[in-house]
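The block underneath contains the structure these notes are about, expressed in structure tokens.
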Amino acid sequence: MPAQLLDRAKPAYNGVCIPEDYHMPAPVDHEARRRHIAEIAADLIAQGGMENATIRSVAAAAGYSTAIVTHYFAHKRELLFWAYRAAAHSTQRRFDAAQAADPDDLFAALQAFLPDTPEGVRAWRVYFAFWSATISDPEMAAEQQWWQANALSIIGAVAIRQHGAIAQPDHVARMLLTTVQGIATQAALDQAHWSAQRQHRLLELQVAAILRHANEP
């Protein structure tokens, strides 16, 4: 090797001189990449249903080879579970942000579950795509039941903080969640007639009615 190149090289590694301008590739955050692939799968499901999220289509949308996708997900079923959780976590993040702003604001907490933003619409379209799977897939049914129980728990906690003692907090939480799910189902499927303002107004009226009778037998 010419002397001038040796002068510009870094110390030898295993007998090989490394050029001074060589940079080691950045380490890969494998969990971040796994989450990113799952988010891409959720996008595809929201656009065209579960059949739209194949290993090949997800790889193409993410800009990866199919080998990379299968490195992180052994099969499509695992990828689909992660996609569902990606949508669920996006709703959880909205809820957490509302709670960080005001932990006693029940309306804001419930609003976080609505499809009143593109992110919210995406989440609900993913939920719709998976609902039919729960009929024949006990594992998927258990997954959705877990998130349902989680929603009931966090909604109930906020209701108690805002409203004080509630005779039947579980019942009230279920009524509130049912209201949200009813509005969300209609709004996500008929966005032209369900603006964010309309969703919020109906939610406000329903929440007021539910809390007004919260302590009735």
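We name chains A, B, ... following the order of the structure tokens; residues begin at 1 in each chain, and ligands are numbered from 1 as shown.
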Return as a Markdown table the residues of stretch 156-189 of chain A lying at most 12 Å from stretch 84-102 of chain A, together with the closest atom-to-atom pair for each and the distance in Å to one decimal, counting only C-alpha atoms, with rows in chain order and ascending residue number.
| residue | atom | partner | partner_atom | distance |
| --- | --- | --- | --- | --- |
| A:Ala157 | CA | A:Gln99 | CA | 11.1 |
| A:Val158 | CA | A:Gln99 | CA | 8.7 |
| A:Arg161 | CA | A:Asp102 | CA | 11.0 |
| A:Gln162 | CA | A:Asp102 | CA | 10.5 |
Can you spit out the residues from that selection as a PDB file, in the first residue's frame, using N, CA and C atoms?
ATOM      1  N   ALA A 157     -61.538   4.551  35.574  1.00  0.00           N
ATOM      2  CA  ALA A 157     -60.693   5.309  36.504  1.00  0.00           C
ATOM      3  C   ALA A 157     -60.867   6.807  36.307  1.00  0.00           C
ATOM      4  N   VAL A 158     -60.925   7.246  35.052  1.00  0.00           N
ATOM      5  CA  VAL A 158     -61.110   8.677  34.784  1.00  0.00           C
ATOM      6  C   VAL A 158     -62.503   9.123  35.217  1.00  0.00           C
ATOM      7  N   ARG A 161     -62.498   9.711  38.896  1.00  0.00           N
ATOM      8  CA  ARG A 161     -61.750  10.925  39.271  1.00  0.00           C
ATOM      9  C   ARG A 161     -62.573  12.175  38.998  1.00  0.00           C
ATOM     10  N   GLN A 162     -63.312  12.187  37.884  1.00  0.00           N
ATOM     11  CA  GLN A 162     -64.073  13.394  37.539  1.00  0.00           C
ATOM     12  C   GLN A 162     -65.390  13.463  38.307  1.00  0.00           C
TER      13      GLN A 162
END
Need the shell around A:Phe130: protein/DNA/RNA residues with any atom at most 12 Å away, counting only C-alpha atoms. Skip same-chain ones fewer than 4 positions apart. Format as a PyMOL selection string? chain A and resi 42+45-46+49-51+77+80-81+83-85+87-88+123-126+134-137+139-141+143-144
Residues from last step as file, N, CA and C atoms, as a PDB file, in the first residue's frame:
ATOM      1  N   ALA A  42     -50.250  -2.366   9.454  1.00  0.00           N
ATOM      2  CA  ALA A  42     -51.509  -1.758   9.903  1.00  0.00           C
ATOM      3  C   ALA A  42     -52.036  -0.785   8.852  1.00  0.00           C
ATOM      4  N   ILE A  45     -53.617  -2.847   6.108  1.00  0.00           N
ATOM      5  CA  ILE A  45     -54.890  -3.428   6.553  1.00  0.00           C
ATOM      6  C   ILE A  45     -55.984  -2.365   6.548  1.00  0.00           C
ATOM      7  N   ALA A  46     -55.658  -1.167   7.020  1.00  0.00           N
ATOM      8  CA  ALA A  46     -56.636  -0.078   7.039  1.00  0.00           C
ATOM      9  C   ALA A  46     -57.079   0.291   5.624  1.00  0.00           C
ATOM     10  N   GLY A  49     -57.996  -4.195   4.115  1.00  0.00           N
ATOM     11  CA  GLY A  49     -58.312  -5.398   4.865  1.00  0.00           C
ATOM     12  C   GLY A  49     -57.102  -6.279   5.111  1.00  0.00           C
ATOM     13  N   MET A  50     -57.330  -7.357   5.869  1.00  0.00           N
ATOM     14  CA  MET A  50     -56.235  -8.237   6.265  1.00  0.00           C
ATOM     15  C   MET A  50     -55.552  -8.891   5.070  1.00  0.00           C
ATOM     16  N   GLU A  51     -56.312  -9.168   4.017  1.00  0.00           N
ATOM     17  CA  GLU A  51     -55.728  -9.807   2.836  1.00  0.00           C
ATOM     18  C   GLU A  51     -54.726  -8.901   2.141  1.00  0.00           C
ATOM     19  N   ARG A  77     -49.276 -14.624  10.439  1.00  0.00           N
ATOM     20  CA  ARG A  77     -50.134 -14.520  11.612  1.00  0.00           C
ATOM     21  C   ARG A  77     -49.483 -13.643  12.687  1.00  0.00           C
ATOM     22  N   LEU A  80     -49.680 -10.060  11.653  1.00  0.00           N
ATOM     23  CA  LEU A  80     -51.024  -9.511  11.809  1.00  0.00           C
ATOM     24  C   LEU A  80     -51.303  -9.133  13.268  1.00  0.00           C
ATOM     25  N   PHE A  81     -50.850  -9.950  14.196  1.00  0.00           N
ATOM     26  CA  PHE A  81     -51.038  -9.630  15.612  1.00  0.00           C
ATOM     27  C   PHE A  81     -50.315  -8.326  15.963  1.00  0.00           C
ATOM     28  N   ALA A  83     -49.630  -5.954  13.907  1.00  0.00           N
ATOM     29  CA  ALA A  83     -50.326  -4.855  13.239  1.00  0.00           C
ATOM     30  C   ALA A  83     -51.528  -4.408  14.060  1.00  0.00           C
ATOM     31  N   TYR A  84     -52.277  -5.388  14.594  1.00  0.00           N
ATOM     32  CA  TYR A  84     -53.425  -5.051  15.441  1.00  0.00           C
ATOM     33  C   TYR A  84     -52.956  -4.257  16.660  1.00  0.00           C
ATOM     34  N   ARG A  85     -51.881  -4.722  17.273  1.00  0.00           N
ATOM     35  CA  ARG A  85     -51.368  -4.031  18.459  1.00  0.00           C
ATOM     36  C   ARG A  85     -50.843  -2.642  18.117  1.00  0.00           C
ATOM     37  N   ALA A  87     -52.161  -0.612  15.958  1.00  0.00           N
ATOM     38  CA  ALA A  87     -53.347   0.244  15.956  1.00  0.00           C
ATOM     39  C   ALA A  87     -53.834   0.516  17.377  1.00  0.00           C
ATOM     40  N   ALA A  88     -53.853  -0.522  18.202  1.00  0.00           N
ATOM     41  CA  ALA A  88     -54.313  -0.359  19.583  1.00  0.00           C
ATOM     42  C   ALA A  88     -53.395   0.579  20.366  1.00  0.00           C
ATOM     43  N   ALA A 123     -56.993   3.414  12.919  1.00  0.00           N
ATOM     44  CA  ALA A 123     -57.100   2.434  13.997  1.00  0.00           C
ATOM     45  C   ALA A 123     -58.416   1.674  13.916  1.00  0.00           C
ATOM     46  N   TRP A 124     -59.513   2.395  13.707  1.00  0.00           N
ATOM     47  CA  TRP A 124     -60.817   1.725  13.674  1.00  0.00           C
ATOM     48  C   TRP A 124     -60.966   0.827  12.456  1.00  0.00           C
ATOM     49  N   ARG A 125     -60.385   1.193  11.347  1.00  0.00           N
ATOM     50  CA  ARG A 125     -60.441   0.316  10.169  1.00  0.00           C
ATOM     51  C   ARG A 125     -59.679  -0.983  10.426  1.00  0.00           C
ATOM     52  N   VAL A 126     -58.599  -0.885  11.158  1.00  0.00           N
ATOM     53  CA  VAL A 126     -57.861  -2.094  11.539  1.00  0.00           C
ATOM     54  C   VAL A 126     -58.712  -2.941  12.474  1.00  0.00           C
ATOM     55  N   THR A 134     -62.296 -12.964  15.162  1.00  0.00           N
ATOM     56  CA  THR A 134     -62.540 -13.437  16.527  1.00  0.00           C
ATOM     57  C   THR A 134     -63.564 -14.574  16.574  1.00  0.00           C
ATOM     58  N   ILE A 135     -64.357 -14.730  15.512  1.00  0.00           N
ATOM     59  CA  ILE A 135     -65.378 -15.784  15.484  1.00  0.00           C
ATOM     60  C   ILE A 135     -64.731 -17.167  15.499  1.00  0.00           C
ATOM     61  N   SER A 136     -63.639 -17.309  14.758  1.00  0.00           N
ATOM     62  CA  SER A 136     -63.019 -18.629  14.618  1.00  0.00           C
ATOM     63  C   SER A 136     -61.615 -18.712  15.202  1.00  0.00           C
ATOM     64  N   ASP A 137     -61.131 -17.596  15.765  1.00  0.00           N
ATOM     65  CA  ASP A 137     -59.748 -17.560  16.263  1.00  0.00           C
ATOM     66  C   ASP A 137     -59.748 -17.188  17.747  1.00  0.00           C
ATOM     67  N   GLU A 139     -57.433 -17.092  19.925  1.00  0.00           N
ATOM     68  CA  GLU A 139     -56.307 -16.254  20.332  1.00  0.00           C
ATOM     69  C   GLU A 139     -56.561 -14.796  19.974  1.00  0.00           C
ATOM     70  N   MET A 140     -57.105 -14.565  18.794  1.00  0.00           N
ATOM     71  CA  MET A 140     -57.446 -13.197  18.412  1.00  0.00           C
ATOM     72  C   MET A 140     -58.592 -12.669  19.276  1.00  0.00           C
ATOM     73  N   ALA A 141     -59.547 -13.524  19.594  1.00  0.00           N
ATOM     74  CA  ALA A 141     -60.643 -13.109  20.475  1.00  0.00           C
ATOM     75  C   ALA A 141     -60.094 -12.689  21.833  1.00  0.00           C
ATOM     76  N   GLU A 143     -57.119 -11.559  22.452  1.00  0.00           N
ATOM     77  CA  GLU A 143     -56.384 -10.295  22.265  1.00  0.00           C
ATOM     78  C   GLU A 143     -57.336  -9.109  22.315  1.00  0.00           C
ATOM     79  N   GLN A 144     -58.434  -9.209  21.591  1.00  0.00           N
ATOM     80  CA  GLN A 144     -59.396  -8.111  21.588  1.00  0.00           C
ATOM     81  C   GLN A 144     -60.072  -7.948  22.951  1.00  0.00           C
TER      82      GLN A 144
END
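Residue nearest A:Ala151 within the list A:Ile183, A:Asp170, A:Asp104, A:Asp43: A:Asp170 [criterion: smallest interatomic distance, only C-alpha atoms].
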For atom CA of A:Pro115 and atom CA of A:Phe128, quote the distance in Å rounded to one decimal.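 That distance, rounded to one decimal, is 12.3 Å.
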According to DSSP computed on the backbone, where in stretch 123-181 of chain A is there alpha helix (DSSP H)? Give the residues as a VMD selection string. chain A and resid 123 to 131 138 to 163 169 to 181
Set out as a Markdown table a contact list for stretch 69-138 of chain A and stretch 189-197 of chain A with a cut-off of 12 Å, giving each residue of stretch 69-138 of chain A that qualifies its closest atom pair and distance in Å to one decimal, counting only C-alpha atoms, ordered by chain and rising residue number.
| residue | atom | partner | partner_atom | distance |
| --- | --- | --- | --- | --- |
| A:Gln111 | CA | A:Ala196 | CA | 9.6 |
| A:Ala112 | CA | A:Ala196 | CA | 11.5 |
| A:Phe113 | CA | A:Ala196 | CA | 12.0 |
| A:Leu114 | CA | A:Ala196 | CA | 8.5 |
| A:Pro115 | CA | A:Ala196 | CA | 7.8 |
| A:Asp116 | CA | A:Ala196 | CA | 4.7 |
| A:Thr117 | CA | A:Ala196 | CA | 7.6 |
| A:Pro118 | CA | A:Gln191 | CA | 10.6 |
| A:Gly120 | CA | A:Ala196 | CA | 10.6 |
| A:Val121 | CA | A:Gln191 | CA | 8.9 |
| A:Arg122 | CA | A:Leu189 | CA | 11.1 |
| A:Trp124 | CA | A:Leu189 | CA | 9.2 |
| A:Arg125 | CA | A:Leu189 | CA | 8.4 |
| A:Phe128 | CA | A:Leu189 | CA | 9.7 |
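Put simply, atom CA of A:Ser57 is 14.2 Å away from atom CA of A:His36.
Checking A:Arg33, A:His71, A:His171, A:His200 one by one against A:Ile55, counting only C-alpha atoms, you find the shortest gap at A:His71.
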So that I can check the surroundings of A:Ala214, please list as a PyMOL selection string every protein, DNA and RNA residue that reaches within 8 Å of it, counting only C-alpha atoms and ignoring chain neighbours fewer than 2 positions away. chain A and resi 166-168+172+210-212+216
May I have the residues from that selection written out with C-alpha atoms, as a tab-separated table (two decimals), in the first residue's frame?
chain	number	residue	atom	x	y	z
A	166	ILE	CA	-70.05	5.97	41.44
A	167	ALA	CA	-72.35	3.24	42.66
A	168	GLN	CA	-71.60	0.92	39.74
A	172	VAL	CA	-70.82	3.20	33.91
A	210	ILE	CA	-74.77	8.66	31.48
A	211	LEU	CA	-73.15	10.54	34.34
A	212	ARG	CA	-76.42	12.22	35.28
A	216	GLU	CA	-79.32	5.51	40.04
Which residues, written as a list in words, have at least one atom at most 9 Å from A:Val207, with only C-alpha atoms counted and residues fewer than 5 positions away on the same chain left out?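 After dropping sequence-adjacent residues, the list is Leu106, Phe107, Met175, Leu176, Thr179, Leu202 and Arg212 of chain A.
With only C-alpha atoms as the atoms that count, the minimum distance from A:Ala32 to the choices A:Gln186, A:Leu79, A:Tyr72, A:Gln145 is reached by A:Tyr72.
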